[in-house]
Amino acid sequence: MTLTEKQKVQLKDLHSKLWNICCDFWGKMEPEDYKDYVLGLLFYRYLSERTEKVIANLFEEDDITYEEAWKDEEIRASLTEDLLEMIGFVIEPKYLFSKMYKMINVEKEGFDIEYLQKAINSIMESTMGQESQEAFDGIFEDMDLNSSKLGKSVLDRSKLIAKAVTSIGSIDFVFDDAEIDILGDTYEYLIGQFASTAGKKSGSFYTPAAVGDLMARICTYDRPNILNALDMCGGSGSLLLALKRHSDVRNLYYQELTTAIYNLARMNFLLHNISYHNFNMTNDDSLEHPAYLDVAQDVIVANPPYSQKWSADKSFESDDRFNKYGVLAPKSKADYAFLLTMFHSLKHDGIMAIVLPHGVLFRGGTEEKIRQTLIKNNNIDTVIGLPANCFFGTSIPTCIMILKKDKVNKDILFIDASKEYEAGKNKNYIREEDIEKIFDAYVNREDIEKFSHVADMEEIEENDYNLNIPRYVDTFEEEEEIDIEEVQRKIIDLEEDKIKIKKELNEFFKELGLEEI
């Protein structure tokens, strides 16, 4: 089974179980609220299983259970210290997800929504004053267990959450063995099924795993060790996590405006065993209040919201991010504002990969001036055209732009991968073989008919610094020549057949006493 096939199987199973969970919530609240409870409970299950795994390793040679150890005050103090040092939080035996599942489905007593709230409060309290406090602070705030949306009474709310706990407990996977981004894919599925308008309003265009994998492979090529990596439009954190799968990345830097998605990313990093020591996160506007500008980045990845409005305030004209370009990105389209903000922090030997709408390649005005400056400074390395309709939330075709500061080669590689996909029911999918083909073209940097072209600066200048991919990669397919005379003969034959059939039908109608046609 290939990685793609395994991912599809895991996704199908996950989606099936998620559908059952959402059915429990129907009629109780608005669909866009489902995700907060599902994601929160999934994360709680993960934290519990992580705790149990650590405890199992600690007691591997001891004939004692977690419950028994916790009753001993001296052992409990030592355990607490070990857990805080190793994973940054503590879940008491009585608050483990597996214990709650047993209370609901085996013991059939003891569990209610207030018990779950106490459990969450207990985790939060365990991190207070610890190095992990910032990583966990408010991480469950979107899962409001006191909300009347869950039910009017404690009993009603408890019944609904108990159903959700049971359904989530029945999902058959081990977090560490999953080949999918469980929280990210859950978020995408729930948004896609029930809250597409909310996703569009927040600009939450979740990056498909294949696109993240392609960007990661390019950015980690010949970089087995990376000190710093940044995503200032971080979303679920999937792009930074993709980098981690391909290289040993020491420090992750992340910024995101939407608080709910910021919380999701924190869950995601912890779920993927990224230590709170190794990620730095900010919940704020990346353009108005950018974080980490003074941290030199080896690798930058991003999929910012497309053509979003921003202030373009005149004060930014003297900002170090923009002043060398002489102009600002237009108020109506912040694409280049995002690009330049992140590019500012890139090391001189670093690499940046950013997903953008095709308009940045050819639009005029101030965007043209910024693009021209980037080209003249030899900062644009590669432009990759992706298939249309491969992102949730938008069907527009997008591109990946690869940028570097100290690029040796004086040219730009263009790759037209718009036809490299498998058509799906609702969207297109970039396959493993497509990623391989694009990556090989990037590494080999050579002309491939109807797929890639290396354009020197003279050719770019001749095209007035327009980077629209069809100007450089000709994918035109000649249509088969039409024999007009043969077509005319076929038309005459068809007309003759029509007259013959009509005559035969009229003979039958006449015998039946029916009106002729």
# chains A, B, ... in the order shown; residues from 1 in each chain; ligands from 1
>>> closest_atom_pairs(of="region 313-377 of chain A", to="region 448-465 of chain A", cutoff="8 Å", atoms="only C-alpha atoms", output="JSON lines")
{"residue": "A:Glu368", "atom": "CA", "partner": "A:Tyr465", "partner_atom": "CA", "distance": 7.9}
{"residue": "A:Arg371", "atom": "CA", "partner": "A:Tyr465", "partner_atom": "CA", "distance": 7.5}
{"residue": "A:Gln372", "atom": "CA", "partner": "A:Tyr465", "partner_atom": "CA", "distance": 5.9}
{"residue": "A:Ile375", "atom": "CA", "partner": "A:Tyr465", "partner_atom": "CA", "distance": 7.5}
>>> residues_around(residues="Ala312 (chain A)", least_positions_apart="6", cutoff="10 Å", atoms="only C-alpha atoms", output="ChimeraX atom specification")
/A:287-288,327-334,337
>>> atom_distance(atom1="CA of Arg431 (chain A)", atom2="CA of Phe414 (chain A)")
19.9 Å
>>> residues_around(residues="Lys502 (chain A)", least_positions_apart="5", cutoff="9 Å", atoms="only C-alpha atoms", output="count of residues only")
3
>>> closest_residue(among="A:Ile501, A:Lys244, A:Arg223, A:Ala291", to="His272 (chain A)", atoms="only C-alpha atoms")
A:Lys244
>>> closest_residue(among="A:Ile469, A:Leu41, A:Ala265, A:Ala77", to="Gln117 (chain A)", atoms="only C-alpha atoms")
A:Leu41
>>> closest_residue(among="A:Gly364, A:Gly151, A:Gly350, A:Pro304", to="Thr398 (chain A)", atoms="only C-alpha atoms")
A:Pro304
>>> residues_around(residues="Tyr306 (chain A)", least_positions_apart="4", cutoff="7 Å", atoms="only C-alpha atoms", output="mmCIF file with N, CA, C and O atoms, in the first residue's frame")
data_model
loop_
_atom_site.group_PDB
_atom_site.id
_atom_site.type_symbol
_atom_site.label_atom_id
_atom_site.label_comp_id
_atom_site.auth_asym_id
_atom_site.auth_seq_id
_atom_site.Cartn_x
_atom_site.Cartn_y
_atom_site.Cartn_z
ATOM 1 N N ASP A 335 -1.407 40.346 -1.095
ATOM 2 C CA ASP A 335 -0.540 39.206 -1.408
ATOM 3 C C ASP A 335 0.943 39.539 -1.267
ATOM 4 O O ASP A 335 1.703 38.813 -0.616
ATOM 5 N N LEU A 356 0.379 31.456 -3.734
ATOM 6 C CA LEU A 356 -0.250 32.726 -4.094
ATOM 7 C C LEU A 356 -1.212 32.539 -5.261
ATOM 8 O O LEU A 356 -1.075 31.583 -6.030
ATOM 9 N N PRO A 357 -2.166 33.465 -5.427
ATOM 10 C CA PRO A 357 -3.017 33.403 -6.621
ATOM 11 C C PRO A 357 -2.209 33.811 -7.849
ATOM 12 O O PRO A 357 -1.219 34.552 -7.739
#
>>> residues_around(residues="Val38 (chain A)", least_positions_apart="4", cutoff="10 Å", atoms="only C-alpha atoms", output="ChimeraX atom specification")
/A:18,21-22,33-34,42-44,143,161,164-165,167-168,183,186-187,190
>>> write_last_selection(atoms="all heavy atoms", output="short mmCIF file (atom, residue, chain, number, x, y, z; two decimals), in the first residue's frame")
data_model
loop_
_atom_site.label_atom_id
_atom_site.label_comp_id
_atom_site.auth_asym_id
_atom_site.auth_seq_id
_atom_site.Cartn_x
_atom_site.Cartn_y
_atom_site.Cartn_z
N LEU A 18 -16.31 10.74 12.02
CA LEU A 18 -16.65 12.15 12.28
C LEU A 18 -18.11 12.42 11.91
O LEU A 18 -18.80 13.18 12.59
CB LEU A 18 -15.73 13.07 11.48
CG LEU A 18 -14.28 13.16 11.96
CD1 LEU A 18 -13.45 13.99 10.98
CD2 LEU A 18 -14.21 13.78 13.35
N ILE A 21 -20.25 11.30 14.70
CA ILE A 21 -20.17 12.22 15.83
C ILE A 21 -21.04 13.45 15.58
O ILE A 21 -21.78 13.90 16.45
CB ILE A 21 -18.70 12.66 16.07
CG1 ILE A 21 -17.85 11.45 16.47
CG2 ILE A 21 -18.62 13.72 17.16
CD1 ILE A 21 -16.37 11.71 16.45
N CYS A 22 -20.95 13.99 14.36
CA CYS A 22 -21.72 15.19 14.03
C CYS A 22 -23.23 14.92 14.08
O CYS A 22 -24.01 15.81 14.41
CB CYS A 22 -21.33 15.71 12.66
SG CYS A 22 -19.65 16.39 12.61
N ASP A 33 -20.43 25.19 14.88
CA ASP A 33 -19.93 25.03 16.24
C ASP A 33 -19.48 23.60 16.53
O ASP A 33 -18.81 23.35 17.54
CB ASP A 33 -21.00 25.43 17.26
CG ASP A 33 -21.32 26.92 17.19
OD1 ASP A 33 -20.39 27.71 17.02
OD2 ASP A 33 -22.50 27.28 17.31
N TYR A 34 -19.85 22.65 15.68
CA TYR A 34 -19.50 21.25 15.93
C TYR A 34 -18.00 21.08 16.11
O TYR A 34 -17.53 20.35 16.99
CB TYR A 34 -19.90 20.36 14.75
CG TYR A 34 -21.37 20.23 14.45
CD1 TYR A 34 -21.79 19.54 13.32
CD2 TYR A 34 -22.35 20.78 15.27
CE1 TYR A 34 -23.13 19.40 13.00
CE2 TYR A 34 -23.70 20.65 14.97
CZ TYR A 34 -24.08 19.95 13.83
OH TYR A 34 -25.40 19.83 13.52
N LEU A 42 -11.00 15.33 20.64
CA LEU A 42 -9.93 14.58 19.99
C LEU A 42 -8.58 14.89 20.63
O LEU A 42 -7.78 13.99 20.89
CB LEU A 42 -9.87 14.93 18.49
CG LEU A 42 -10.61 14.05 17.51
CD1 LEU A 42 -10.56 14.66 16.12
CD2 LEU A 42 -10.02 12.64 17.47
N PHE A 43 -8.36 16.16 20.90
CA PHE A 43 -7.09 16.58 21.51
C PHE A 43 -6.98 16.05 22.93
O PHE A 43 -5.90 15.61 23.36
CB PHE A 43 -6.99 18.10 21.49
CG PHE A 43 -5.70 18.63 22.04
CD1 PHE A 43 -4.49 18.27 21.46
CD2 PHE A 43 -5.68 19.49 23.12
CE1 PHE A 43 -3.28 18.76 21.96
CE2 PHE A 43 -4.49 19.99 23.62
CZ PHE A 43 -3.29 19.61 23.04
N TYR A 44 -8.09 16.07 23.66
CA TYR A 44 -8.07 15.56 25.03
C TYR A 44 -7.73 14.07 25.03
O TYR A 44 -6.96 13.59 25.86
CB TYR A 44 -9.41 15.78 25.72
CG TYR A 44 -9.33 15.55 27.22
CD1 TYR A 44 -9.02 16.58 28.08
CD2 TYR A 44 -9.51 14.28 27.75
CE1 TYR A 44 -8.90 16.37 29.45
CE2 TYR A 44 -9.38 14.05 29.11
CZ TYR A 44 -9.08 15.10 29.95
OH TYR A 44 -8.94 14.88 31.30
N MET A 143 -14.02 25.20 23.30
CA MET A 143 -14.93 24.12 23.67
C MET A 143 -15.65 24.53 24.96
O MET A 143 -15.28 24.12 26.06
CB MET A 143 -14.14 22.82 23.87
CG MET A 143 -15.04 21.60 24.05
SD MET A 143 -14.14 20.03 24.05
CE MET A 143 -13.26 20.12 25.60
N ILE A 161 -22.38 15.25 25.34
CA ILE A 161 -20.92 15.12 25.39
C ILE A 161 -20.52 13.66 25.60
O ILE A 161 -19.52 13.19 25.05
CB ILE A 161 -20.33 16.02 26.50
CG1 ILE A 161 -20.42 17.50 26.07
CG2 ILE A 161 -18.88 15.66 26.77
CD1 ILE A 161 -19.61 17.86 24.82
N ALA A 164 -20.47 12.03 22.32
CA ALA A 164 -19.30 12.45 21.55
C ALA A 164 -18.04 11.74 22.05
O ALA A 164 -17.20 11.30 21.27
CB ALA A 164 -19.13 13.96 21.62
N VAL A 165 -17.90 11.62 23.39
CA VAL A 165 -16.75 10.92 23.97
C VAL A 165 -16.74 9.47 23.50
O VAL A 165 -15.69 8.92 23.13
CB VAL A 165 -16.79 10.99 25.51
CG1 VAL A 165 -15.76 10.03 26.13
CG2 VAL A 165 -16.51 12.41 25.99
N SER A 167 -18.11 8.20 20.74
CA SER A 167 -17.79 8.12 19.31
C SER A 167 -16.30 8.36 19.06
O SER A 167 -15.67 7.64 18.28
CB SER A 167 -18.62 9.15 18.53
OG SER A 167 -20.00 8.86 18.62
N ILE A 168 -15.73 9.36 19.71
CA ILE A 168 -14.31 9.66 19.52
C ILE A 168 -13.45 8.53 20.09
O ILE A 168 -12.41 8.17 19.52
CB ILE A 168 -13.96 11.02 20.16
CG1 ILE A 168 -14.54 12.13 19.30
CG2 ILE A 168 -12.45 11.19 20.33
CD1 ILE A 168 -14.46 13.51 19.88
N LEU A 183 -5.84 16.35 13.25
CA LEU A 183 -6.60 17.55 13.62
C LEU A 183 -6.83 18.45 12.41
O LEU A 183 -7.91 19.00 12.22
CB LEU A 183 -5.87 18.32 14.72
CG LEU A 183 -5.85 17.66 16.10
CD1 LEU A 183 -5.18 18.58 17.11
CD2 LEU A 183 -7.25 17.34 16.59
N THR A 186 -9.41 16.79 10.25
CA THR A 186 -10.72 16.89 10.92
C THR A 186 -11.29 18.29 10.72
O THR A 186 -12.48 18.45 10.40
CB THR A 186 -10.57 16.60 12.43
OG1 THR A 186 -10.13 15.25 12.60
CG2 THR A 186 -11.89 16.79 13.15
N TYR A 187 -10.44 19.28 10.90
CA TYR A 187 -10.88 20.67 10.71
C TYR A 187 -11.37 20.88 9.27
O TYR A 187 -12.44 21.45 9.04
CB TYR A 187 -9.72 21.62 11.01
CG TYR A 187 -10.05 23.09 10.80
CD1 TYR A 187 -10.71 23.81 11.78
CD2 TYR A 187 -9.71 23.74 9.62
CE1 TYR A 187 -11.02 25.14 11.60
CE2 TYR A 187 -10.02 25.07 9.42
CZ TYR A 187 -10.67 25.77 10.42
OH TYR A 187 -10.98 27.09 10.22
N LEU A 190 -14.79 19.05 8.71
CA LEU A 190 -15.92 19.70 9.37
C LEU A 190 -16.27 21.02 8.72
O LEU A 190 -17.44 21.35 8.53
CB LEU A 190 -15.62 19.89 10.86
CG LEU A 190 -15.42 18.60 11.67
CD1 LEU A 190 -15.05 18.93 13.10
CD2 LEU A 190 -16.69 17.76 11.63
#
>>> closest_residue(among="A:Pro93, A:Gly235, A:Gly385, A:Gly40", to="Leu145 (chain A)", atoms="only C-alpha atoms")
A:Gly40
>>> select_by_dssp(residues="region 262-470 of chain A", states="strand (DSSP E or B)", output="PyMOL selection string")
chain A and resi 279-283+297-302+346-357+380-385+391+394+398-403+411-416+422-423+428-429+448+452-456
>>> write_last_selection(atoms="C-alpha atoms", output="PDB file, in the first residue's frame")
ATOM      1  CA  PHE A 279       7.723  26.164  18.987  1.00  0.00           C
ATOM      2  CA  ASN A 280       7.146  29.898  19.286  1.00  0.00           C
ATOM      3  CA  MET A 281       3.608  31.080  18.581  1.00  0.00           C
ATOM      4  CA  THR A 282       1.814  34.409  18.271  1.00  0.00           C
ATOM      5  CA  ASN A 283      -1.914  35.061  17.901  1.00  0.00           C
ATOM      6  CA  GLN A 297      14.890  32.265   9.207  1.00  0.00           C
ATOM      7  CA  ASP A 298      16.483  29.395   7.285  1.00  0.00           C
ATOM      8  CA  VAL A 299      13.172  28.322   5.759  1.00  0.00           C
ATOM      9  CA  ILE A 300       9.864  30.127   5.330  1.00  0.00           C
ATOM     10  CA  VAL A 301       6.633  28.495   4.144  1.00  0.00           C
ATOM     11  CA  ALA A 302       3.209  30.079   3.868  1.00  0.00           C
ATOM     12  CA  LEU A 346      14.811  35.183   5.372  1.00  0.00           C
ATOM     13  CA  LYS A 347      18.511  34.436   5.812  1.00  0.00           C
ATOM     14  CA  HIS A 348      20.764  35.211   2.856  1.00  0.00           C
ATOM     15  CA  ASP A 349      21.262  31.490   2.256  1.00  0.00           C
ATOM     16  CA  GLY A 350      17.651  30.627   3.136  1.00  0.00           C
ATOM     17  CA  ILE A 351      14.695  29.566   0.999  1.00  0.00           C
ATOM     18  CA  MET A 352      11.054  30.625   0.986  1.00  0.00           C
ATOM     19  CA  ALA A 353       8.019  28.889  -0.561  1.00  0.00           C
ATOM     20  CA  ILE A 354       4.693  30.718  -0.641  1.00  0.00           C
ATOM     21  CA  VAL A 355       1.328  29.818  -2.225  1.00  0.00           C
ATOM     22  CA  LEU A 356      -0.250  32.726  -4.094  1.00  0.00           C
ATOM     23  CA  PRO A 357      -3.017  33.403  -6.621  1.00  0.00           C
ATOM     24  CA  ILE A 380      12.593  34.858  -7.570  1.00  0.00           C
ATOM     25  CA  ASP A 381      13.923  31.365  -8.165  1.00  0.00           C
ATOM     26  CA  THR A 382      10.969  29.245  -9.329  1.00  0.00           C
ATOM     27  CA  VAL A 383       7.285  29.582 -10.205  1.00  0.00           C
ATOM     28  CA  ILE A 384       5.143  26.428 -10.070  1.00  0.00           C
ATOM     29  CA  GLY A 385       1.607  26.465 -11.448  1.00  0.00           C
ATOM     30  CA  PHE A 391      -7.675  23.676  -2.312  1.00  0.00           C
ATOM     31  CA  THR A 394     -11.484  28.149  -3.481  1.00  0.00           C
ATOM     32  CA  THR A 398      -2.731  28.938  -7.539  1.00  0.00           C
ATOM     33  CA  CYS A 399       1.032  28.904  -7.794  1.00  0.00           C
ATOM     34  CA  ILE A 400       3.994  28.285  -5.526  1.00  0.00           C
ATOM     35  CA  MET A 401       6.659  30.960  -5.701  1.00  0.00           C
ATOM     36  CA  ILE A 402      10.134  30.005  -4.502  1.00  0.00           C
ATOM     37  CA  LEU A 403      12.326  32.920  -3.375  1.00  0.00           C
ATOM     38  CA  ASP A 411      17.237  32.866 -14.340  1.00  0.00           C
ATOM     39  CA  ILE A 412      13.764  31.728 -13.248  1.00  0.00           C
ATOM     40  CA  LEU A 413      12.429  28.196 -13.547  1.00  0.00           C
ATOM     41  CA  PHE A 414       8.794  27.886 -14.646  1.00  0.00           C
ATOM     42  CA  ILE A 415       6.888  24.635 -14.050  1.00  0.00           C
ATOM     43  CA  ASP A 416       3.358  24.149 -15.366  1.00  0.00           C
ATOM     44  CA  GLU A 422      -6.284  13.035 -10.259  1.00  0.00           C
ATOM     45  CA  ALA A 423      -9.824  14.322 -10.653  1.00  0.00           C
ATOM     46  CA  ASN A 428      -8.669  17.591  -7.651  1.00  0.00           C
ATOM     47  CA  TYR A 429      -5.889  15.668  -5.915  1.00  0.00           C
ATOM     48  CA  ILE A 448      10.837  19.729 -20.451  1.00  0.00           C
ATOM     49  CA  SER A 452       9.038  23.304 -17.575  1.00  0.00           C
ATOM     50  CA  HIS A 453      11.297  26.044 -18.900  1.00  0.00           C
ATOM     51  CA  VAL A 454      14.304  27.949 -17.564  1.00  0.00           C
ATOM     52  CA  ALA A 455      13.975  31.590 -18.618  1.00  0.00           C
ATOM     53  CA  ASP A 456      17.009  33.890 -18.502  1.00  0.00           C
TER      54      ASP A 456
END
>>> residues_around(residues="region 152-154 of chain A", least_positions_apart="6", cutoff="9 Å", atoms="only C-alpha atoms", output="list in words")
Asp112, Ile113, Glu114 and Asn146 of chain A
>>> write_last_selection(atoms="all heavy atoms", output="mmCIF file, in the first residue's frame")
data_model
loop_
_atom_site.group_PDB
_atom_site.id
_atom_site.type_symbol
_atom_site.label_atom_id
_atom_site.label_comp_id
_atom_site.auth_asym_id
_atom_site.auth_seq_id
_atom_site.Cartn_x
_atom_site.Cartn_y
_atom_site.Cartn_z
ATOM 1 N N ASP A 112 -20.247 13.207 34.068
ATOM 2 C CA ASP A 112 -21.117 14.258 33.551
ATOM 3 C C ASP A 112 -20.227 15.372 33.012
ATOM 4 O O ASP A 112 -18.995 15.305 33.106
ATOM 5 C CB ASP A 112 -22.109 14.770 34.608
ATOM 6 C CG ASP A 112 -21.415 15.379 35.825
ATOM 7 O OD1 ASP A 112 -20.254 15.830 35.706
ATOM 8 O OD2 ASP A 112 -22.036 15.414 36.898
ATOM 9 N N ILE A 113 -20.837 16.374 32.426
ATOM 10 C CA ILE A 113 -20.070 17.419 31.765
ATOM 11 C C ILE A 113 -19.228 18.227 32.750
ATOM 12 O O ILE A 113 -18.170 18.750 32.401
ATOM 13 C CB ILE A 113 -21.005 18.339 30.941
ATOM 14 C CG1 ILE A 113 -20.209 19.082 29.856
ATOM 15 C CG2 ILE A 113 -21.784 19.288 31.849
ATOM 16 C CD1 ILE A 113 -21.071 19.689 28.773
ATOM 17 N N GLU A 114 -19.694 18.306 33.986
ATOM 18 C CA GLU A 114 -18.931 19.021 35.007
ATOM 19 C C GLU A 114 -17.660 18.256 35.373
ATOM 20 O O GLU A 114 -16.634 18.848 35.715
ATOM 21 C CB GLU A 114 -19.805 19.246 36.242
ATOM 22 C CG GLU A 114 -20.955 20.221 35.970
ATOM 23 C CD GLU A 114 -21.864 20.429 37.176
ATOM 24 O OE1 GLU A 114 -21.816 19.571 38.105
ATOM 25 O OE2 GLU A 114 -22.605 21.422 37.192
ATOM 26 N N ASN A 146 -20.149 24.992 29.120
ATOM 27 C CA ASN A 146 -21.297 25.607 29.794
ATOM 28 C C ASN A 146 -22.306 26.207 28.817
ATOM 29 O O ASN A 146 -23.318 26.764 29.219
ATOM 30 C CB ASN A 146 -20.823 26.706 30.752
ATOM 31 C CG ASN A 146 -20.018 26.149 31.910
ATOM 32 O OD1 ASN A 146 -20.423 25.173 32.526
ATOM 33 N ND2 ASN A 146 -18.879 26.751 32.196
#
>>> atom_distance(atom1="CA of Ile499 (chain A)", atom2="CA of Gly513 (chain A)")
20.8 Å
>>> atom_distance(atom1="CA of Lys94 (chain A)", atom2="CA of Glu68 (chain A)")
11.3 Å
>>> select_by_dssp(residues="region 257-499 of chain A", states="alpha helix (DSSP H)", output="ChimeraX atom specification")
/A:259-271,335-343,365-376,432-444,457-462,484-499
>>> closest_residue(among="A:Ser48, A:Asn389, A:Ser147, A:Thr220", to="Ile120 (chain A)", atoms="only C-alpha atoms")
A:Ser48
